[in-house]
file my_file.csv (CSV, N, CA and C atoms)
chain,number,residue,atom,x,y,z
A,419,MET,N,35.8,-11.0,-18.7
A,419,MET,CA,35.2,-11.3,-17.4
A,419,MET,C,34.2,-10.3,-17.0
A,420,ILE,N,34.6,-9.0,-17.0
A,420,ILE,CA,33.6,-8.0,-16.6
A,420,ILE,C,32.4,-8.0,-17.5
A,421,ALA,N,32.6,-8.2,-18.8
A,421,ALA,CA,31.5,-8.3,-19.7
A,421,ALA,C,30.5,-9.4,-19.3
A,422,ARG,N,31.0,-10.5,-18.9
A,422,ARG,CA,30.1,-11.6,-18.4
A,422,ARG,C,29.3,-11.2,-17.2
A,423,VAL,N,29.9,-10.5,-16.3
A,423,VAL,CA,29.2,-10.1,-15.1
A,423,VAL,C,28.2,-9.1,-15.4
A,424,VAL,N,28.5,-8.1,-16.3
A,424,VAL,CA,27.5,-7.1,-16.7
A,424,VAL,C,26.4,-7.8,-17.4
A,425,ASP,N,26.7,-8.7,-18.3
A,425,ASP,CA,25.6,-9.5,-19.0
A,425,ASP,C,24.7,-10.2,-18.0
A,426,ALA,N,25.3,-10.8,-17.0
A,426,ALA,CA,24.5,-11.5,-15.9
A,426,ALA,C,23.5,-10.6,-15.2
A,427,PHE,N,23.9,-9.3,-15.0
A,427,PHE,CA,23.1,-8.4,-14.3
A,427,PHE,C,22.0,-7.8,-15.2
A,428,GLN,N,22.2,-7.8,-16.5
A,428,GLN,CA,21.3,-7.2,-17.5
A,428,GLN,C,20.4,-8.2,-18.2
A,429,ARG,N,20.7,-9.5,-18.2
A,429,ARG,CA,20.0,-10.4,-19.0
A,429,ARG,C,18.5,-10.5,-18.6
A,430,HIS,N,18.2,-10.8,-17.3
A,430,HIS,CA,16.8,-11.0,-16.9
A,430,HIS,C,16.0,-9.7,-17.0
A,431,PRO,N,16.5,-8.6,-16.4
A,431,PRO,CA,15.8,-7.3,-16.6
A,431,PRO,C,15.4,-7.0,-18.0
A,432,ALA,N,16.3,-7.3,-18.9
A,432,ALA,CA,16.0,-7.1,-20.4
A,432,ALA,C,14.8,-7.9,-20.8
A,433,THR,N,14.6,-9.1,-20.3
A,433,THR,CA,13.5,-10.0,-20.7
A,433,THR,C,12.2,-9.4,-20.4
A,434,VAL,N,12.1,-8.5,-19.4
A,434,VAL,CA,10.9,-7.8,-19.0
A,434,VAL,C,10.8,-6.4,-19.4
A,435,GLY,N,11.8,-6.0,-20.3
A,435,GLY,CA,11.8,-4.6,-20.9
A,435,GLY,C,12.3,-3.6,-19.9
A,436,GLU,N,13.1,-3.9,-19.0
A,436,GLU,CA,13.6,-3.0,-18.0
A,436,GLU,C,15.2,-3.0,-18.0
A,437,ASN,N,15.7,-1.9,-17.5
A,437,ASN,CA,17.2,-1.9,-17.2
A,437,ASN,C,17.3,-2.4,-15.8
A,438,TYR,N,18.6,-2.6,-15.4
A,438,TYR,CA,18.9,-3.1,-14.0
A,438,TYR,C,18.2,-2.4,-12.9
A,439,PHE,N,18.3,-1.0,-12.9
A,439,PHE,CA,17.8,-0.2,-11.8
A,439,PHE,C,16.3,-0.2,-11.8
A,440,GLU,N,15.6,-0.2,-13.0
A,440,GLU,CA,14.2,-0.3,-13.0
A,440,GLU,C,13.7,-1.6,-12.4
A,441,HIS,N,14.4,-2.7,-12.8
A,441,HIS,CA,14.0,-4.0,-12.3
A,441,HIS,C,14.3,-4.1,-10.8
A,442,MET,N,15.4,-3.5,-10.3
A,442,MET,CA,15.7,-3.5,-8.9
A,442,MET,C,14.6,-2.8,-8.1
A,443,ALA,N,14.2,-1.7,-8.6
A,443,ALA,CA,13.1,-0.9,-7.9
A,443,ALA,C,11.8,-1.7,-7.9
A,444,PHE,N,11.4,-2.3,-9.0
A,444,PHE,CA,10.2,-3.1,-9.1
A,444,PHE,C,10.3,-4.2,-8.1
A,445,ALA,N,11.4,-5.0,-8.1
A,445,ALA,CA,11.5,-6.2,-7.3
A,445,ALA,C,11.6,-5.8,-5.8
A,446,ALA,N,12.2,-4.7,-5.5
A,446,ALA,CA,12.3,-4.2,-4.1
A,446,ALA,C,10.9,-3.8,-3.6
A,447,ARG,N,10.2,-3.1,-4.4
A,447,ARG,CA,8.8,-2.7,-4.0
A,447,ARG,C,7.9,-3.9,-3.8
A,448,PHE,N,8.1,-4.9,-4.7
A,448,PHE,CA,7.3,-6.1,-4.4
A,448,PHE,C,7.7,-6.8,-3.2
A,449,GLY,N,9.0,-6.8,-2.9
A,449,GLY,CA,9.4,-7.4,-1.6
A,449,GLY,C,8.9,-6.8,-0.4
A,450,VAL,N,8.8,-5.4,-0.4
A,450,VAL,CA,8.2,-4.7,0.7
A,450,VAL,C,6.8,-5.0,0.8
A,451,LEU,N,6.1,-5.0,-0.3
A,451,LEU,CA,4.6,-5.4,-0.3
A,451,LEU,C,4.4,-6.8,0.3
A,452,MET,N,5.2,-7.7,-0.1
A,452,MET,CA,5.1,-9.1,0.5
A,452,MET,C,5.3,-9.1,2.0
A,453,LEU,N,6.3,-8.3,2.4
A,453,LEU,CA,6.5,-8.2,3.9
A,453,LEU,C,5.3,-7.6,4.6
A,454,ALA,N,4.8,-6.6,4.0
A,454,ALA,CA,3.6,-5.9,4.6
A,454,ALA,C,2.4,-6.9,4.6
A,455,ALA,N,2.2,-7.6,3.5
A,455,ALA,CA,1.1,-8.6,3.5
A,455,ALA,C,1.3,-9.7,4.5
A,456,GLY,N,2.5,-10.2,4.6
A,456,GLY,CA,2.8,-11.2,5.6
A,456,GLY,C,2.7,-10.7,7.0
A,457,GLY,N,3.1,-9.5,7.3
A,457,GLY,CA,2.9,-8.9,8.6
A,457,GLY,C,1.4,-8.8,9.0
A,458,ALA,N,0.7,-8.3,8.0
A,458,ALA,CA,-0.8,-8.2,8.2
A,458,ALA,C,-1.4,-9.5,8.5
A,459,ALA,N,-1.0,-10.5,7.7
A,459,ALA,CA,-1.6,-11.9,7.9
A,459,ALA,C,-1.2,-12.4,9.3
A,460,LEU,N,0.0,-12.2,9.7
A,460,LEU,CA,0.4,-12.7,11.1
A,460,LEU,C,-0.4,-12.0,12.2
A,461,VAL,N,-0.5,-10.7,12.1
A,461,VAL,CA,-1.3,-10.0,13.1
A,461,VAL,C,-2.8,-10.5,13.1
A,462,HIS,N,-3.3,-10.7,11.8
A,462,HIS,CA,-4.7,-11.2,11.7
A,462,HIS,C,-4.8,-12.6,12.3
A,463,ALA,N,-3.8,-13.4,12.2
A,463,ALA,CA,-3.9,-14.8,12.8
A,463,ALA,C,-4.1,-14.7,14.3
A,464,VAL,N,-3.5,-13.7,14.9
A,464,VAL,CA,-3.6,-13.6,16.4
A,464,VAL,C,-4.8,-12.8,16.8
A,465,LEU,N,-5.0,-11.7,16.0
A,465,LEU,CA,-6.1,-10.8,16.3
A,465,LEU,C,-7.0,-10.7,15.1
A,466,PRO,N,-8.0,-11.7,14.9
A,466,PRO,CA,-8.7,-11.8,13.7
A,466,PRO,C,-9.6,-10.6,13.3
A,467,PHE,N,-9.8,-9.7,14.2
A,467,PHE,CA,-10.6,-8.5,14.0
A,467,PHE,C,-9.7,-7.4,13.3
A,468,MET,N,-8.4,-7.6,13.2
A,468,MET,CA,-7.5,-6.6,12.6
A,468,MET,C,-7.1,-7.1,11.2
A,469,PHE,N,-6.9,-6.2,10.3
A,469,PHE,CA,-6.4,-6.4,9.0
A,469,PHE,C,-7.1,-7.6,8.3
A,470,GLU,N,-8.5,-7.5,8.4
A,470,GLU,CA,-9.3,-8.5,7.8
A,470,GLU,C,-9.1,-8.8,6.3
A,471,THR,N,-8.9,-7.8,5.6
A,471,THR,CA,-8.7,-7.9,4.1
A,471,THR,C,-7.4,-7.4,3.6
A,472,THR,N,-6.5,-6.9,4.5
A,472,THR,CA,-5.3,-6.3,4.1
A,472,THR,C,-4.4,-7.2,3.2
A,473,ALA,N,-4.1,-8.3,3.7
A,473,ALA,CA,-3.1,-9.2,3.0
A,473,ALA,C,-3.7,-9.6,1.6
A,474,SER,N,-5.0,-10.0,1.6
A,474,SER,CA,-5.5,-10.4,0.3
A,474,SER,C,-5.6,-9.3,-0.6
A,475,ARG,N,-5.9,-8.1,-0.2
A,475,ARG,CA,-6.0,-6.9,-1.0
A,475,ARG,C,-4.6,-6.6,-1.6
A,476,ILE,N,-3.6,-6.6,-0.8
A,476,ILE,CA,-2.2,-6.4,-1.3
A,476,ILE,C,-1.9,-7.4,-2.4
A,477,LEU,N,-2.1,-8.7,-2.1
A,477,LEU,CA,-1.8,-9.8,-3.0
A,477,LEU,C,-2.6,-9.7,-4.3
A,478,ARG,N,-3.9,-9.3,-4.2
A,478,ARG,CA,-4.7,-9.2,-5.5
A,478,ARG,C,-4.1,-8.0,-6.3
A,479,GLY,N,-3.7,-6.9,-5.7
A,479,GLY,CA,-3.1,-5.8,-6.4
A,479,GLY,C,-1.8,-6.2,-7.1
A,480,MET,N,-1.0,-7.0,-6.4
A,480,MET,CA,0.3,-7.5,-6.9
A,480,MET,C,0.0,-8.4,-8.1
A,481,CYS,N,-0.9,-9.3,-8.0
A,481,CYS,CA,-1.2,-10.2,-9.1
A,481,CYS,C,-1.7,-9.5,-10.3
A,482,ALA,N,-2.6,-8.5,-10.1
A,482,ALA,CA,-3.1,-7.7,-11.2
A,482,ALA,C,-1.9,-6.9,-11.9
A,483,GLU,N,-1.0,-6.4,-11.1
A,483,GLU,CA,0.1,-5.7,-11.7
A,483,GLU,C,1.0,-6.7,-12.5
A,484,ILE,N,1.3,-7.9,-12.0
A,484,ILE,CA,2.1,-8.9,-12.7
A,484,ILE,C,1.3,-9.3,-14.0
A,485,ASP,N,0.0,-9.5,-13.9
A,485,ASP,CA,-0.7,-9.9,-15.1
A,485,ASP,C,-0.7,-8.8,-16.2
A,486,ALA,N,-0.8,-7.5,-15.7
A,486,ALA,CA,-0.8,-6.4,-16.7
A,486,ALA,C,0.6,-6.3,-17.4
A,487,ARG,N,1.6,-6.6,-16.6
A,487,ARG,CA,3.0,-6.5,-17.2
A,487,ARG,C,3.2,-7.6,-18.2
A,488,ALA,N,2.6,-8.8,-17.9
A,488,ALA,CA,2.8,-10.0,-18.8
A,488,ALA,C,2.0,-9.7,-20.1
A,489,HIS,N,0.9,-9.0,-20.0
A,489,HIS,CA,0.1,-8.8,-21.2
A,489,HIS,C,0.7,-7.6,-22.1
A,490,ASN,N,1.5,-6.8,-21.4
A,490,ASN,CA,2.1,-5.6,-22.2
A,490,ASN,C,3.4,-6.0,-22.8
A,491,ARG,N,3.9,-7.2,-22.7
A,491,ARG,CA,5.2,-7.6,-23.3
A,491,ARG,C,5.0,-7.9,-24.8
call {"tool": "encode", "arguments": {"input": "my_file.csv", "output": "structure tokens"}}
result
Amino acid sequence: MIARVVDAFQRHPATVGENYFEHMAFAARFGVLMLAAGGAALVHAVLPFMFETTASRILRGMCAEIDARAHNR
């Protein structure tokens, strides 16, 4: 039973060449970046002179990082 739980935690991170903690750190950082981009977009919706390019810049950087990871596999 414990082996099945451990396998469940390791299976997906292994598919991207990471251990559990490396993958957790990567996913958590991306989650924080998504929250930042979303916050900037919400502020920009109300105050269009603020954060004019912040959300798109964050998202472009995230996409570039994902693309680079996919090509390095």
call {"tool": "atom_distance", "arguments": {"input": "my_file.csv", "atom1": "atom N of Gly479 (chain A)", "atom2": "atom N of Arg429 (chain A)"}}
result
27.5 Å
call {"tool": "atom_distance", "arguments": {"input": "my_file.csv", "atom1": "CA of Ser474 (chain A)", "atom2": "atom C of Met442 (chain A)"}}
result
23.1 Å
call {"tool": "select_by_dssp", "arguments": {"input": "my_file.csv", "residues": "chain A", "states": "alpha helix (DSSP H)", "output": "PyMOL selection string"}}
result
chain A and resi 420-433+438-464+472-489
call {"tool": "atom_distance", "arguments": {"input": "my_file.csv", "atom1": "CA of Ala459 (chain A)", "atom2": "CA of Cys481 (chain A)"}}
result
17.1 Å
call {"tool": "closest_residue", "arguments": {"input": "my_file.csv", "among": "A:His430, A:Thr472, A:Arg422, A:Phe444", "to": "Gly456 (chain A)", "atoms": "all atoms listed in the file"}}
result
A:Thr472
call {"tool": "residues_around", "arguments": {"input": "my_file.csv", "residues": "Ala473 (chain A)", "least_positions_apart": "3", "cutoff": "6 Å", "atoms": "only N, CA and C atoms", "output": "PyMOL selection string"}}
result
chain A and resi 455-456+458-459+469-470+476-478
